[in-house]
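Q: I am attaching a structure below and will ask some questions about it afterwards.
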Amino acid sequence: MITIEKTDSVIGARVHNLSLADIPDAGTVNDIEAALEIHGILIFPEQEITPQQMIDFSSTLGDLELTELEAARLENHEEIFVVGNVGKGLVSFSPDNDEQELEWHSDHIHHEVAARASLLYAKEVPDVGGDTLFACMYHAYDTLPEDEKRRCEKLEMIHCASGLDHYLEKQKLGGSNSLSGERQHKKVVRPLVRAHPLTGRPGLYFGNQVTIGIVGWDQNEAKAFIRDLTKHACQLGFQYRHKWTAKDAVLWDNRRVIHAGTPYDVKNTRRLMYRTTLRETAPIRSIG
């Protein structure tokens, strides 16, 4: 029987007595889904899994979505998105140093069909850096002043991969070994405050780089608003920081949390992660 151990942060829990190498039964899947709703992030330590086992486990939670970066799909296992600086190219949104901006986002927010949840498995990790930060968008919304909540509930945000590519260029991370040029630059409009489809609970839904504007707003005003909102939403008290150990697996709810990678030495250390992405199953709706 699985056991759940809450982290010391406002979000996140460790799951024990569960091997991702095994196909979970319906009761275990229900337990995982319930824990994910409560905690937002689930950490599965010390997992020994093959790519196919990772795909099989993820598929019990829902349909999987392929990355648009075709060269970053794992050979013979295209459902796995290879993240890091090992392999065919650099797929990393970790800044180069602590002075640079982080890239906070919810996976596939700029796609026609967003991501419901994501599972990331650590194959190789650097000794220093390369952590992942997660911020709870329930807390971010709940702690806004009432007038600011009402304002945010009316806003529609514009998301596009062009914002990600601009970030890479600005951080000098989009060099010849980056796969960023494969992305399409279609714009998607979504509400800033979305209702979680399971509970109706409101949370903020945006990214500080991939969200490139606000419908009806001047672009400079929109950028300033997104910058200020990020400062509020991603404050330390709303975060869980995962310091990776090889064989860790982390599952998170993209409907509730946004995340960002921290700096590591991309040129001289190795970071290799496998990710599966669960396709969104419900319309993204505002709370109105």
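Letters for chains follow the order of the structure tokens (A, B, ...), residue numbers begin at 1 for each chain, and ligand numbers begin at 1 in the order shown.
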Within 10 Å of segment 111-117 of chain A, which residues of segment 29-68 of chain A show up? Give each one with its shortest atom-to-atom distance in Å (one decimal) and the two atoms involved, counting only C-alpha atoms, rows by chain then rising residue number, as JSON lines.

A:
```
{"residue": "A:Leu36", "atom": "CA", "partner": "A:Ala117", "partner_atom": "CA", "distance": 9.5}
{"residue": "A:Gly40", "atom": "CA", "partner": "A:Ala117", "partner_atom": "CA", "distance": 9.6}
{"residue": "A:Ile41", "atom": "CA", "partner": "A:Ala117", "partner_atom": "CA", "distance": 9.6}
{"residue": "A:Ser58", "atom": "CA", "partner": "A:Ala117", "partner_atom": "CA", "distance": 9.8}
{"residue": "A:Leu61", "atom": "CA", "partner": "A:Ala117", "partner_atom": "CA", "distance": 9.1}
{"residue": "A:Gly62", "atom": "CA", "partner": "A:Arg116", "partner_atom": "CA", "distance": 9.0}
{"residue": "A:Asp63", "atom": "CA", "partner": "A:Arg116", "partner_atom": "CA", "distance": 9.8}
{"residue": "A:Leu64", "atom": "CA", "partner": "A:Ala115", "partner_atom": "CA", "distance": 9.1}
{"residue": "A:Glu65", "atom": "CA", "partner": "A:Ala115", "partner_atom": "CA", "distance": 7.8}
{"residue": "A:Glu68", "atom": "CA", "partner": "A:His111", "partner_atom": "CA", "distance": 9.4}
```

Q: Within segment 26-272 of chain A, find each residue whose DSSP state, derived from the backbone, is strand (DSSP E), and express the selection as a PDB file with C-alpha atoms, in the first residue's frame.

A:
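Listed below is the output, states_36.pdb:
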```pdb
ATOM      1  CA  ILE A  41       3.351  17.608  -6.953  1.00  0.00           C
ATOM      2  CA  LEU A  42       4.235  13.981  -6.219  1.00  0.00           C
ATOM      3  CA  ILE A  43       7.831  12.812  -5.777  1.00  0.00           C
ATOM      4  CA  PHE A  44       8.682   9.139  -6.411  1.00  0.00           C
ATOM      5  CA  ARG A  73      11.782  12.607 -28.921  1.00  0.00           C
ATOM      6  CA  LEU A  74      13.568   9.547 -27.580  1.00  0.00           C
ATOM      7  CA  HIS A  77      10.008   5.799 -27.629  1.00  0.00           C
ATOM      8  CA  GLU A  78       8.595   8.973 -29.140  1.00  0.00           C
ATOM      9  CA  GLU A  79       6.275   9.603 -26.185  1.00  0.00           C
ATOM     10  CA  ILE A  80       9.361  10.565 -24.154  1.00  0.00           C
ATOM     11  CA  PHE A  81      10.676  14.118 -24.414  1.00  0.00           C
ATOM     12  CA  VAL A  82      14.456  14.232 -23.769  1.00  0.00           C
ATOM     13  CA  VAL A  83      15.294  17.288 -21.664  1.00  0.00           C
ATOM     14  CA  GLY A  84      18.745  18.598 -20.807  1.00  0.00           C
ATOM     15  CA  ALA A 115      -0.861  19.618 -20.671  1.00  0.00           C
ATOM     16  CA  ARG A 116      -2.849  18.243 -17.757  1.00  0.00           C
ATOM     17  CA  ALA A 117       0.156  16.816 -15.936  1.00  0.00           C
ATOM     18  CA  SER A 118       3.802  15.936 -16.566  1.00  0.00           C
ATOM     19  CA  LEU A 119       6.138  13.227 -15.284  1.00  0.00           C
ATOM     20  CA  LEU A 120       9.884  13.961 -15.239  1.00  0.00           C
ATOM     21  CA  TYR A 121      12.472  11.252 -14.564  1.00  0.00           C
ATOM     22  CA  ALA A 122      16.110  12.033 -13.742  1.00  0.00           C
ATOM     23  CA  LYS A 123      18.666   9.918 -15.613  1.00  0.00           C
ATOM     24  CA  GLU A 124      21.725  12.111 -14.969  1.00  0.00           C
ATOM     25  CA  THR A 132      13.341  22.541 -10.449  1.00  0.00           C
ATOM     26  CA  LEU A 133      11.184  25.109  -8.667  1.00  0.00           C
ATOM     27  CA  PHE A 134       7.415  24.697  -8.489  1.00  0.00           C
ATOM     28  CA  ALA A 135       5.006  27.470  -7.444  1.00  0.00           C
ATOM     29  CA  CYS A 136       1.397  26.966  -6.369  1.00  0.00           C
ATOM     30  CA  GLU A 156      -7.252  36.915 -21.249  1.00  0.00           C
ATOM     31  CA  MET A 157      -3.588  36.130 -21.770  1.00  0.00           C
ATOM     32  CA  ILE A 158      -1.797  35.534 -25.074  1.00  0.00           C
ATOM     33  CA  HIS A 159       0.666  32.629 -25.123  1.00  0.00           C
ATOM     34  CA  VAL A 188      -3.249  30.838 -28.020  1.00  0.00           C
ATOM     35  CA  VAL A 189      -5.563  32.896 -25.787  1.00  0.00           C
ATOM     36  CA  ARG A 190      -6.525  31.581 -22.341  1.00  0.00           C
ATOM     37  CA  PRO A 191      -8.025  33.074 -19.161  1.00  0.00           C
ATOM     38  CA  VAL A 193      -7.672  32.733 -13.780  1.00  0.00           C
ATOM     39  CA  ARG A 194      -8.785  29.201 -14.561  1.00  0.00           C
ATOM     40  CA  ALA A 195     -11.067  26.893 -12.640  1.00  0.00           C
ATOM     41  CA  PRO A 202      -9.391  29.103  -9.028  1.00  0.00           C
ATOM     42  CA  GLY A 203      -5.712  29.478  -9.799  1.00  0.00           C
ATOM     43  CA  LEU A 204      -3.520  31.696 -11.945  1.00  0.00           C
ATOM     44  CA  THR A 211       2.830  34.619 -22.022  1.00  0.00           C
ATOM     45  CA  ILE A 212       3.590  37.419 -24.447  1.00  0.00           C
ATOM     46  CA  GLY A 213       0.600  39.742 -23.998  1.00  0.00           C
ATOM     47  CA  ILE A 214      -2.870  40.477 -22.698  1.00  0.00           C
ATOM     48  CA  GLN A 239       7.337  27.266  -3.774  1.00  0.00           C
ATOM     49  CA  TYR A 240       8.616  23.735  -3.527  1.00  0.00           C
ATOM     50  CA  ARG A 241      12.227  23.281  -4.660  1.00  0.00           C
ATOM     51  CA  HIS A 242      13.203  19.846  -5.935  1.00  0.00           C
ATOM     52  CA  ALA A 249      10.578  10.859 -10.746  1.00  0.00           C
ATOM     53  CA  VAL A 250       8.288  13.847 -10.189  1.00  0.00           C
ATOM     54  CA  LEU A 251       4.671  14.159 -11.317  1.00  0.00           C
ATOM     55  CA  TRP A 252       2.977  17.560 -11.268  1.00  0.00           C
ATOM     56  CA  ASP A 253      -0.397  19.093 -12.039  1.00  0.00           C
ATOM     57  CA  VAL A 257       1.474  24.710 -10.539  1.00  0.00           C
ATOM     58  CA  ILE A 258       4.005  26.441 -12.733  1.00  0.00           C
ATOM     59  CA  HIS A 259       7.667  25.505 -12.690  1.00  0.00           C
ATOM     60  CA  ALA A 260      11.140  26.722 -13.631  1.00  0.00           C
ATOM     61  CA  GLY A 261      14.622  25.239 -13.900  1.00  0.00           C
ATOM     62  CA  LEU A 272      19.575  14.151 -18.783  1.00  0.00           C
TER      63      LEU A 272
END
```

Q: Distance atom CA of Ile11 of chain A-atom CA of Gly200 of chain A, one decimal place?

A: 18.3 Å

Q: Set the distance at 10 Å and use only C-alpha atoms: which residues neighbour Leu144 of chain A once local chain neighbours fewer than 6 positions away are removed? I'd like the list as a list in words.

A: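 So the residues in contact are Arg150, Cys152, Leu229, His232 and Ala233 of chain A.
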
Q: Those selected residues, please, written with C-alpha atoms and delivered as a PDB file, in the first residue's frame.

A:
```pdb
ATOM      1  CA  ARG A 150     -11.579  40.709  -9.841  1.00  0.00           C
ATOM      2  CA  CYS A 152      -7.311  39.195 -13.032  1.00  0.00           C
ATOM      3  CA  LEU A 229       2.451  39.101 -11.300  1.00  0.00           C
ATOM      4  CA  HIS A 232       3.876  37.798  -6.502  1.00  0.00           C
ATOM      5  CA  ALA A 233       2.932  34.337  -7.783  1.00  0.00           C
TER       6      ALA A 233
END
```

Q: Taking only segment 76-252 of chain A into account, list the residues labelled helix (DSSP H, G or I) by DSSP (computed from the backbone), as a ChimeraX atom specification.

A: /A:137-142,146-153,161-170,180-182,219-233,236-238

Q: Tell me, as a PyMOL selection string, which residues lie within 8 Å of Pro95 of chain A, counting only C-alpha atoms; anything in the same chain fewer than 5 positions away does not count.

A: chain A and resi 100-103+171+173+261-264

Q: Give me, as a PDB file with C-alpha atoms, in the first residue's frame, all polymer residues having an atom no more than 8 Å from Met54 of chain A, counting only C-alpha atoms and skipping those fewer than 6 positions away in the same chain.

A:
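Writing done, so here's selection_8.pdb:
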```pdb
ATOM      1  CA  LEU A  20       6.693   2.986 -11.506  1.00  0.00           C
ATOM      2  CA  ALA A  21       7.995  -0.147 -13.216  1.00  0.00           C
ATOM      3  CA  THR A 276       6.096  12.230 -20.484  1.00  0.00           C
TER       4      THR A 276
END
```

Q: Do you have the atom CA of Phe206 of chain A-atom CA of Gly237 of chain A distance handy?

A: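 Between atom CA of Phe206 of chain A and atom CA of Gly237 of chain A the gap works out to 18.6 Å.
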
Q: Need the shell around Val266 of chain A: protein/DNA/RNA residues with any atom at most 12 Å away, counting only C-alpha atoms. Skip same-chain ones fewer than 6 positions apart. Format as a PyMOL selection string?

A: chain A and resi 84-86+89-97+125-130+172-173+177-178+272

Q: Can you write out the residues you just picked, keeping C-alpha atoms, as a PDB file, in the first residue's frame?

A:
```pdb
ATOM      1  CA  GLY A  84      18.745  18.598 -20.807  1.00  0.00           C
ATOM      2  CA  ASN A  85      22.086  18.984 -22.546  1.00  0.00           C
ATOM      3  CA  VAL A  86      22.722  15.363 -23.572  1.00  0.00           C
ATOM      4  CA  GLY A  89      20.503  19.133 -28.830  1.00  0.00           C
ATOM      5  CA  LEU A  90      20.076  21.461 -25.894  1.00  0.00           C
ATOM      6  CA  VAL A  91      16.522  21.422 -24.551  1.00  0.00           C
ATOM      7  CA  SER A  92      16.852  23.529 -21.453  1.00  0.00           C
ATOM      8  CA  PHE A  93      15.204  26.615 -20.073  1.00  0.00           C
ATOM      9  CA  SER A  94      17.521  26.872 -17.098  1.00  0.00           C
ATOM     10  CA  PRO A  95      19.314  30.228 -17.102  1.00  0.00           C
ATOM     11  CA  ASP A  96      23.073  30.344 -17.431  1.00  0.00           C
ATOM     12  CA  ASN A  97      23.660  31.992 -14.053  1.00  0.00           C
ATOM     13  CA  VAL A 125      21.951  15.252 -12.846  1.00  0.00           C
ATOM     14  CA  PRO A 126      24.734  17.770 -12.165  1.00  0.00           C
ATOM     15  CA  ASP A 127      26.315  17.886  -8.711  1.00  0.00           C
ATOM     16  CA  VAL A 128      25.451  21.579  -8.459  1.00  0.00           C
ATOM     17  CA  GLY A 129      22.338  23.350  -9.778  1.00  0.00           C
ATOM     18  CA  GLY A 130      19.711  22.115 -12.195  1.00  0.00           C
ATOM     19  CA  LYS A 172      22.202  33.384 -24.997  1.00  0.00           C
ATOM     20  CA  LEU A 173      20.895  29.836 -24.659  1.00  0.00           C
ATOM     21  CA  ASN A 177      22.895  23.085 -30.433  1.00  0.00           C
ATOM     22  CA  SER A 178      19.449  24.269 -29.344  1.00  0.00           C
ATOM     23  CA  LEU A 272      19.575  14.151 -18.783  1.00  0.00           C
TER      24      LEU A 272
END
```

Q: Just the number, please: distance in Å from atom CA of Phe225 of chain A to atom CA of Asp107 of chain A, one decimal.

A: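 These two atoms are separated by 21.2 Å.
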
Q: Compare A:Val29, A:Val210, A:Thr7, A:Leu155 by their minimum atom-to-atom distance to His110 of chain A, counting only C-alpha atoms, and give me the closest one.

A: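 Closest candidate: A:Val210.
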
Q: Closest to Ala282 of chain A among A:Asp218, A:Asp25, A:Lys231, A:Pro197, using only C-alpha atoms?

A: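 Checking each of A:Asp218, A:Asp25, A:Lys231, A:Pro197 against Ala282 of chain A, counting only C-alpha atoms, the winner is A:Pro197.
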
Q: Which residue out of A:Ala72, A:Leu236, A:Met273, A:Met137 has the minimum interatomic distance to Ser106 of chain A when only C-alpha atoms are used?

A: A:Met137
